[in-house]
>>> print(open('data00.cif').read())   # mmCIF, C-alpha atoms, pLDDT in the B column; chains and numbers go by the auth columns
data_structure
#
loop_
_atom_site.group_PDB
_atom_site.id
_atom_site.type_symbol
_atom_site.label_atom_id
_atom_site.label_comp_id
_atom_site.label_asym_id
_atom_site.label_seq_id
_atom_site.Cartn_x
_atom_site.Cartn_y
_atom_site.Cartn_z
_atom_site.B_iso_or_equiv
_atom_site.auth_seq_id
_atom_site.auth_asym_id
ATOM 1 C CA ASP A 1 106.875 78.966 158.294 78.00 1047 A
ATOM 2 C CA LEU A 2 110.211 80.406 157.260 87.00 1048 A
ATOM 3 C CA LYS A 3 108.472 82.724 154.808 87.00 1049 A
ATOM 4 C CA ALA A 4 106.359 84.241 157.599 85.00 1050 A
ATOM 5 C CA VAL A 5 109.464 84.810 159.724 85.00 1051 A
ATOM 6 C CA GLU A 6 111.248 86.433 156.787 85.00 1052 A
ATOM 7 C CA ASP A 7 108.250 88.657 156.095 85.00 1053 A
ATOM 8 C CA ASP A 8 108.035 89.852 159.705 89.00 1054 A
ATOM 9 C CA TYR A 9 111.766 90.233 160.344 89.00 1055 A
ATOM 10 C CA GLY A 10 112.095 93.801 159.024 87.00 1056 A
ATOM 11 C CA VAL A 11 109.070 95.070 160.910 90.00 1057 A
ATOM 12 C CA ASN A 12 110.144 93.356 164.127 89.00 1058 A
ATOM 13 C CA MET A 13 113.684 94.726 163.842 87.00 1059 A
ATOM 14 C CA LEU A 14 112.347 98.233 163.267 90.00 1060 A
ATOM 15 C CA ARG A 15 110.139 97.957 166.347 92.00 1061 A
ATOM 16 C CA LEU A 16 113.059 96.704 168.418 90.00 1062 A
ATOM 17 C CA VAL A 17 115.313 99.557 167.282 89.00 1063 A
ATOM 18 C CA VAL A 18 112.606 102.141 168.025 93.00 1064 A
ATOM 19 C CA ALA A 19 111.946 100.651 171.474 92.00 1065 A
ATOM 20 C CA ASN A 20 115.684 100.553 172.149 91.00 1066 A
ATOM 21 C CA GLY A 21 115.929 104.234 171.248 92.00 1067 A
ATOM 22 C CA PHE A 22 113.079 105.037 173.634 94.00 1068 A
ATOM 23 C CA VAL A 23 114.763 103.151 176.479 93.00 1069 A
ATOM 24 C CA GLY A 24 118.016 104.933 175.678 93.00 1070 A
ATOM 25 C CA ARG A 25 116.302 108.317 175.916 94.00 1071 A
ATOM 26 C CA LEU A 26 114.732 107.306 179.227 92.00 1072 A
ATOM 27 C CA PHE A 27 118.135 106.362 180.588 93.00 1073 A
ATOM 28 C CA ASP A 28 119.590 109.658 179.369 95.00 1074 A
ATOM 29 C CA ASN A 29 117.376 111.280 182.014 96.00 1075 A
ATOM 30 C CA SER A 30 119.247 110.530 185.241 96.00 1076 A
ATOM 31 C CA ARG A 31 116.169 111.059 187.426 97.00 1077 A
ATOM 32 C CA VAL A 32 114.153 108.519 185.450 95.00 1078 A
ATOM 33 C CA SER A 33 117.059 106.093 185.281 95.00 1079 A
ATOM 34 C CA LYS A 34 117.686 106.265 189.034 97.00 1080 A
ATOM 35 C CA PHE A 35 113.967 105.926 189.763 97.00 1081 A
ATOM 36 C CA ILE A 36 113.690 102.737 187.696 96.00 1082 A
ATOM 37 C CA GLU A 37 116.914 101.380 189.157 96.00 1083 A
ATOM 38 C CA ARG A 38 115.715 101.955 192.746 97.00 1084 A
ATOM 39 C CA ARG A 39 112.097 100.848 192.311 98.00 1085 A
ATOM 40 C CA GLN A 40 112.490 98.007 189.818 97.00 1086 A
ATOM 41 C CA PRO A 41 116.114 96.812 189.866 97.00 1087 A
ATOM 42 C CA ALA A 42 115.392 93.546 188.034 97.00 1088 A
ATOM 43 C CA ILE A 43 113.593 95.354 185.218 95.00 1089 A
ATOM 44 C CA PHE A 44 116.355 97.960 185.110 96.00 1090 A
ATOM 45 C CA GLU A 45 119.008 95.267 184.670 96.00 1091 A
ATOM 46 C CA GLN A 46 116.988 93.547 181.952 95.00 1092 A
ATOM 47 C CA LEU A 47 116.543 96.829 180.067 94.00 1093 A
ATOM 48 C CA ILE A 48 120.287 97.520 180.290 94.00 1094 A
ATOM 49 C CA THR A 49 121.072 94.020 179.031 94.00 1095 A
ATOM 50 C CA LEU A 50 118.560 94.326 176.198 90.00 1096 A
ATOM 51 C CA GLN A 51 119.833 97.762 175.234 91.00 1097 A
ATOM 52 C CA ASP A 52 123.457 96.561 175.191 91.00 1098 A
ATOM 53 C CA SER A 53 122.502 93.562 173.073 90.00 1099 A
ATOM 54 C CA VAL A 54 120.543 95.597 170.529 87.00 1100 A
ATOM 55 C CA ASP A 55 123.238 98.261 170.413 83.00 1101 A
ATOM 56 C CA SER A 56 125.901 95.668 169.660 85.00 1102 A
ATOM 57 C CA ASP A 57 123.711 94.001 167.012 80.00 1103 A
ATOM 58 C CA ILE A 58 122.998 97.254 165.157 78.00 1104 A
ATOM 59 C CA GLY A 59 126.510 98.566 165.572 72.00 1105 A
ATOM 60 C CA THR A 60 125.988 101.507 167.901 58.00 1106 A
ATOM 61 C CA GLY A 61 127.713 101.993 171.201 52.00 1107 A
ATOM 62 C CA ALA A 62 125.878 101.845 174.495 50.00 1108 A
ATOM 63 C CA LYS A 63 125.387 105.280 175.993 52.00 1109 A
ATOM 64 C CA HIS A 64 125.365 104.493 179.692 52.00 1110 A
#
>>> encode(input="data00.cif", output="structure tokens")
Amino acid sequence: DLKAVEDDYGVNMLRLVVANGFVGRLFDNSRVSKFIERRQPAIFEQLITLQDSVDSDIGTGAKH
């Protein structure tokens, strides 16, 4: 269903960019960032990787 993928692409990309912005704002708060890094290091690393990937795809620089 290529048509279905094409139809959903814009909405999915928008959601990903919004979620990436939210994660970026979380990481801007050093207390929150350190908390996540200490309590859930695997999740923290995945969020960093995801944020870097999205940032490079949309052409913004990573902030951390």
>>> residues_around(input="data00.cif", residues="region 1073-1078 of chain A", least_positions_apart="3", cutoff="12 Å", atoms="only C-alpha atoms", output="PDB file with C-alpha atoms, in the frame of the given file")
ATOM      1  CA  ASN A1066     115.684 100.553 172.149  1.00 91.00           C
ATOM      2  CA  GLY A1067     115.929 104.234 171.248  1.00 92.00           C
ATOM      3  CA  PHE A1068     113.079 105.037 173.634  1.00 94.00           C
ATOM      4  CA  VAL A1069     114.763 103.151 176.479  1.00 93.00           C
ATOM      5  CA  GLY A1070     118.016 104.933 175.678  1.00 93.00           C
ATOM      6  CA  PHE A1081     113.967 105.926 189.763  1.00 97.00           C
ATOM      7  CA  ILE A1082     113.690 102.737 187.696  1.00 96.00           C
ATOM      8  CA  GLU A1083     116.914 101.380 189.157  1.00 96.00           C
ATOM      9  CA  ARG A1084     115.715 101.955 192.746  1.00 97.00           C
ATOM     10  CA  ARG A1085     112.097 100.848 192.311  1.00 98.00           C
ATOM     11  CA  GLN A1086     112.490  98.007 189.818  1.00 97.00           C
ATOM     12  CA  PHE A1090     116.355  97.960 185.110  1.00 96.00           C
ATOM     13  CA  GLU A1091     119.008  95.267 184.670  1.00 96.00           C
ATOM     14  CA  LEU A1093     116.543  96.829 180.067  1.00 94.00           C
ATOM     15  CA  ILE A1094     120.287  97.520 180.290  1.00 94.00           C
ATOM     16  CA  GLN A1097     119.833  97.762 175.234  1.00 91.00           C
ATOM     17  CA  ALA A1108     125.878 101.845 174.495  1.00 50.00           C
ATOM     18  CA  LYS A1109     125.387 105.280 175.993  1.00 52.00           C
ATOM     19  CA  HIS A1110     125.365 104.493 179.692  1.00 52.00           C
TER      20      HIS A1110
END
>>> closest_residue(input="data00.cif", among="A:Arg1071, A:Ile1089, A:Val1063, A:Asp1054", to="Gly1105 (chain A)", atoms="all atoms listed in the file")
A:Val1063
>>> atom_distance(input="data00.cif", atom1="CA of Val1057 (chain A)", atom2="CA of Thr1095 (chain A)")
21.8 Å
>>> atom_distance(input="data00.cif", atom1="CA of Lys1049 (chain A)", atom2="CA of Asp1098 (chain A)")
28.8 Å
>>> atom_distance(input="data00.cif", atom1="CA of Ala1050 (chain A)", atom2="CA of Ser1099 (chain A)")
24.2 Å
>>> closest_residue(input="data00.cif", among="A:Ala1088, A:Leu1072, A:Leu1048, A:Leu1062", to="Asp1101 (chain A)", atoms="all atoms listed in the file")
A:Leu1062
>>> build_atoms(input="data00.cif", residues="region 1050-1086 of chain A", atoms="N, CA and C atoms", output="PDB file, keeping the file's coordinate frame")
ATOM      1  N   ALA A1050     107.011  83.319 156.666  1.00 85.00           N
ATOM      2  CA  ALA A1050     106.359  84.241 157.599  1.00 85.00           C
ATOM      3  C   ALA A1050     107.390  84.943 158.464  1.00 85.00           C
ATOM      4  N   VAL A1051     108.398  84.212 158.913  1.00 85.00           N
ATOM      5  CA  VAL A1051     109.464  84.810 159.724  1.00 85.00           C
ATOM      6  C   VAL A1051     110.220  85.847 158.900  1.00 85.00           C
ATOM      7  N   GLU A1052     110.551  85.494 157.669  1.00 85.00           N
ATOM      8  CA  GLU A1052     111.248  86.433 156.787  1.00 85.00           C
ATOM      9  C   GLU A1052     110.425  87.685 156.544  1.00 85.00           C
ATOM     10  N   ASP A1053     109.131  87.517 156.357  1.00 85.00           N
ATOM     11  CA  ASP A1053     108.250  88.657 156.095  1.00 85.00           C
ATOM     12  C   ASP A1053     108.166  89.593 157.292  1.00 85.00           C
ATOM     13  N   ASP A1054     108.187  89.044 158.493  1.00 89.00           N
ATOM     14  CA  ASP A1054     108.035  89.852 159.705  1.00 89.00           C
ATOM     15  C   ASP A1054     109.347  90.392 160.252  1.00 89.00           C
ATOM     16  N   TYR A1055     110.469  89.869 159.774  1.00 89.00           N
ATOM     17  CA  TYR A1055     111.766  90.233 160.344  1.00 89.00           C
ATOM     18  C   TYR A1055     112.031  91.741 160.299  1.00 89.00           C
ATOM     19  N   GLY A1056     111.822  92.366 159.167  1.00 87.00           N
ATOM     20  CA  GLY A1056     112.095  93.801 159.024  1.00 87.00           C
ATOM     21  C   GLY A1056     111.253  94.640 159.957  1.00 87.00           C
ATOM     22  N   VAL A1057     109.977  94.326 160.033  1.00 90.00           N
ATOM     23  CA  VAL A1057     109.070  95.070 160.910  1.00 90.00           C
ATOM     24  C   VAL A1057     109.454  94.875 162.371  1.00 90.00           C
ATOM     25  N   ASN A1058     109.758  93.631 162.738  1.00 89.00           N
ATOM     26  CA  ASN A1058     110.144  93.356 164.127  1.00 89.00           C
ATOM     27  C   ASN A1058     111.446  94.046 164.491  1.00 89.00           C
ATOM     28  N   MET A1059     112.410  94.059 163.577  1.00 87.00           N
ATOM     29  CA  MET A1059     113.684  94.726 163.842  1.00 87.00           C
ATOM     30  C   MET A1059     113.471  96.234 163.993  1.00 87.00           C
ATOM     31  N   LEU A1060     112.649  96.806 163.157  1.00 90.00           N
ATOM     32  CA  LEU A1060     112.347  98.233 163.267  1.00 90.00           C
ATOM     33  C   LEU A1060     111.720  98.551 164.622  1.00 90.00           C
ATOM     34  N   ARG A1061     110.781  97.744 165.043  1.00 92.00           N
ATOM     35  CA  ARG A1061     110.139  97.957 166.347  1.00 92.00           C
ATOM     36  C   ARG A1061     111.154  97.853 167.483  1.00 92.00           C
ATOM     37  N   LEU A1062     112.049  96.884 167.386  1.00 90.00           N
ATOM     38  CA  LEU A1062     113.059  96.704 168.418  1.00 90.00           C
ATOM     39  C   LEU A1062     114.008  97.901 168.469  1.00 90.00           C
ATOM     40  N   VAL A1063     114.411  98.408 167.325  1.00 89.00           N
ATOM     41  CA  VAL A1063     115.313  99.557 167.282  1.00 89.00           C
ATOM     42  C   VAL A1063     114.621 100.801 167.837  1.00 89.00           C
ATOM     43  N   VAL A1064     113.359 100.995 167.503  1.00 93.00           N
ATOM     44  CA  VAL A1064     112.606 102.141 168.025  1.00 93.00           C
ATOM     45  C   VAL A1064     112.447 102.036 169.542  1.00 93.00           C
ATOM     46  N   ALA A1065     112.084 100.853 170.024  1.00 92.00           N
ATOM     47  CA  ALA A1065     111.946 100.651 171.474  1.00 92.00           C
ATOM     48  C   ALA A1065     113.278 100.852 172.175  1.00 92.00           C
ATOM     49  N   ASN A1066     114.354 100.384 171.576  1.00 91.00           N
ATOM     50  CA  ASN A1066     115.684 100.553 172.149  1.00 91.00           C
ATOM     51  C   ASN A1066     116.038 102.040 172.234  1.00 91.00           C
ATOM     52  N   GLY A1067     115.688 102.795 171.218  1.00 92.00           N
ATOM     53  CA  GLY A1067     115.929 104.234 171.248  1.00 92.00           C
ATOM     54  C   GLY A1067     115.146 104.915 172.363  1.00 92.00           C
ATOM     55  N   PHE A1068     113.908 104.475 172.566  1.00 94.00           N
ATOM     56  CA  PHE A1068     113.079 105.037 173.634  1.00 94.00           C
ATOM     57  C   PHE A1068     113.693 104.753 174.996  1.00 94.00           C
ATOM     58  N   VAL A1069     114.128 103.514 175.206  1.00 93.00           N
ATOM     59  CA  VAL A1069     114.763 103.151 176.479  1.00 93.00           C
ATOM     60  C   VAL A1069     116.044 103.961 176.669  1.00 93.00           C
ATOM     61  N   GLY A1070     116.795 104.134 175.601  1.00 93.00           N
ATOM     62  CA  GLY A1070     118.016 104.933 175.678  1.00 93.00           C
ATOM     63  C   GLY A1070     117.737 106.366 176.084  1.00 93.00           C
ATOM     64  N   ARG A1071     116.673 106.952 175.536  1.00 94.00           N
ATOM     65  CA  ARG A1071     116.302 108.317 175.916  1.00 94.00           C
ATOM     66  C   ARG A1071     115.825 108.386 177.356  1.00 94.00           C
ATOM     67  N   LEU A1072     115.131 107.354 177.811  1.00 92.00           N
ATOM     68  CA  LEU A1072     114.732 107.306 179.227  1.00 92.00           C
ATOM     69  C   LEU A1072     115.961 107.297 180.125  1.00 92.00           C
ATOM     70  N   PHE A1073     116.934 106.472 179.770  1.00 93.00           N
ATOM     71  CA  PHE A1073     118.135 106.362 180.588  1.00 93.00           C
ATOM     72  C   PHE A1073     119.019 107.598 180.492  1.00 93.00           C
ATOM     73  N   ASP A1074     118.859 108.395 179.459  1.00 95.00           N
ATOM     74  CA  ASP A1074     119.590 109.658 179.369  1.00 95.00           C
ATOM     75  C   ASP A1074     119.137 110.642 180.455  1.00 95.00           C
ATOM     76  N   ASN A1075     117.900 110.460 180.928  1.00 96.00           N
ATOM     77  CA  ASN A1075     117.376 111.280 182.014  1.00 96.00           C
ATOM     78  C   ASN A1075     117.768 110.597 183.331  1.00 96.00           C
ATOM     79  N   SER A1076     118.715 111.187 184.032  1.00 96.00           N
ATOM     80  CA  SER A1076     119.247 110.530 185.241  1.00 96.00           C
ATOM     81  C   SER A1076     118.178 110.328 186.310  1.00 96.00           C
ATOM     82  N   ARG A1077     117.225 111.237 186.409  1.00 97.00           N
ATOM     83  CA  ARG A1077     116.169 111.059 187.426  1.00 97.00           C
ATOM     84  C   ARG A1077     115.310 109.841 187.115  1.00 97.00           C
ATOM     85  N   VAL A1078     114.965 109.676 185.851  1.00 95.00           N
ATOM     86  CA  VAL A1078     114.153 108.519 185.450  1.00 95.00           C
ATOM     87  C   VAL A1078     114.957 107.238 185.628  1.00 95.00           C
ATOM     88  N   SER A1079     116.200 107.265 185.175  1.00 95.00           N
ATOM     89  CA  SER A1079     117.059 106.093 185.281  1.00 95.00           C
ATOM     90  C   SER A1079     117.232 105.650 186.741  1.00 95.00           C
ATOM     91  N   LYS A1080     117.514 106.590 187.615  1.00 97.00           N
ATOM     92  CA  LYS A1080     117.686 106.265 189.034  1.00 97.00           C
ATOM     93  C   LYS A1080     116.389 105.768 189.657  1.00 97.00           C
ATOM     94  N   PHE A1081     115.267 106.354 189.256  1.00 97.00           N
ATOM     95  CA  PHE A1081     113.967 105.926 189.763  1.00 97.00           C
ATOM     96  C   PHE A1081     113.714 104.463 189.406  1.00 97.00           C
ATOM     97  N   ILE A1082     113.916 104.117 188.134  1.00 96.00           N
ATOM     98  CA  ILE A1082     113.690 102.737 187.696  1.00 96.00           C
ATOM     99  C   ILE A1082     114.666 101.795 188.402  1.00 96.00           C
ATOM    100  N   GLU A1083     115.908 102.221 188.508  1.00 96.00           N
ATOM    101  CA  GLU A1083     116.914 101.380 189.157  1.00 96.00           C
ATOM    102  C   GLU A1083     116.575 101.113 190.616  1.00 96.00           C
ATOM    103  N   ARG A1084     116.069 102.128 191.331  1.00 97.00           N
ATOM    104  CA  ARG A1084     115.715 101.955 192.746  1.00 97.00           C
ATOM    105  C   ARG A1084     114.433 101.160 192.922  1.00 97.00           C
ATOM    106  N   ARG A1085     113.417 101.465 192.113  1.00 98.00           N
ATOM    107  CA  ARG A1085     112.097 100.848 192.311  1.00 98.00           C
ATOM    108  C   ARG A1085     111.955  99.469 191.683  1.00 98.00           C
ATOM    109  N   GLN A1086     112.614  99.274 190.549  1.00 97.00           N
ATOM    110  CA  GLN A1086     112.490  98.007 189.818  1.00 97.00           C
ATOM    111  C   GLN A1086     113.863  97.546 189.343  1.00 97.00           C
TER     112      GLN A1086
END
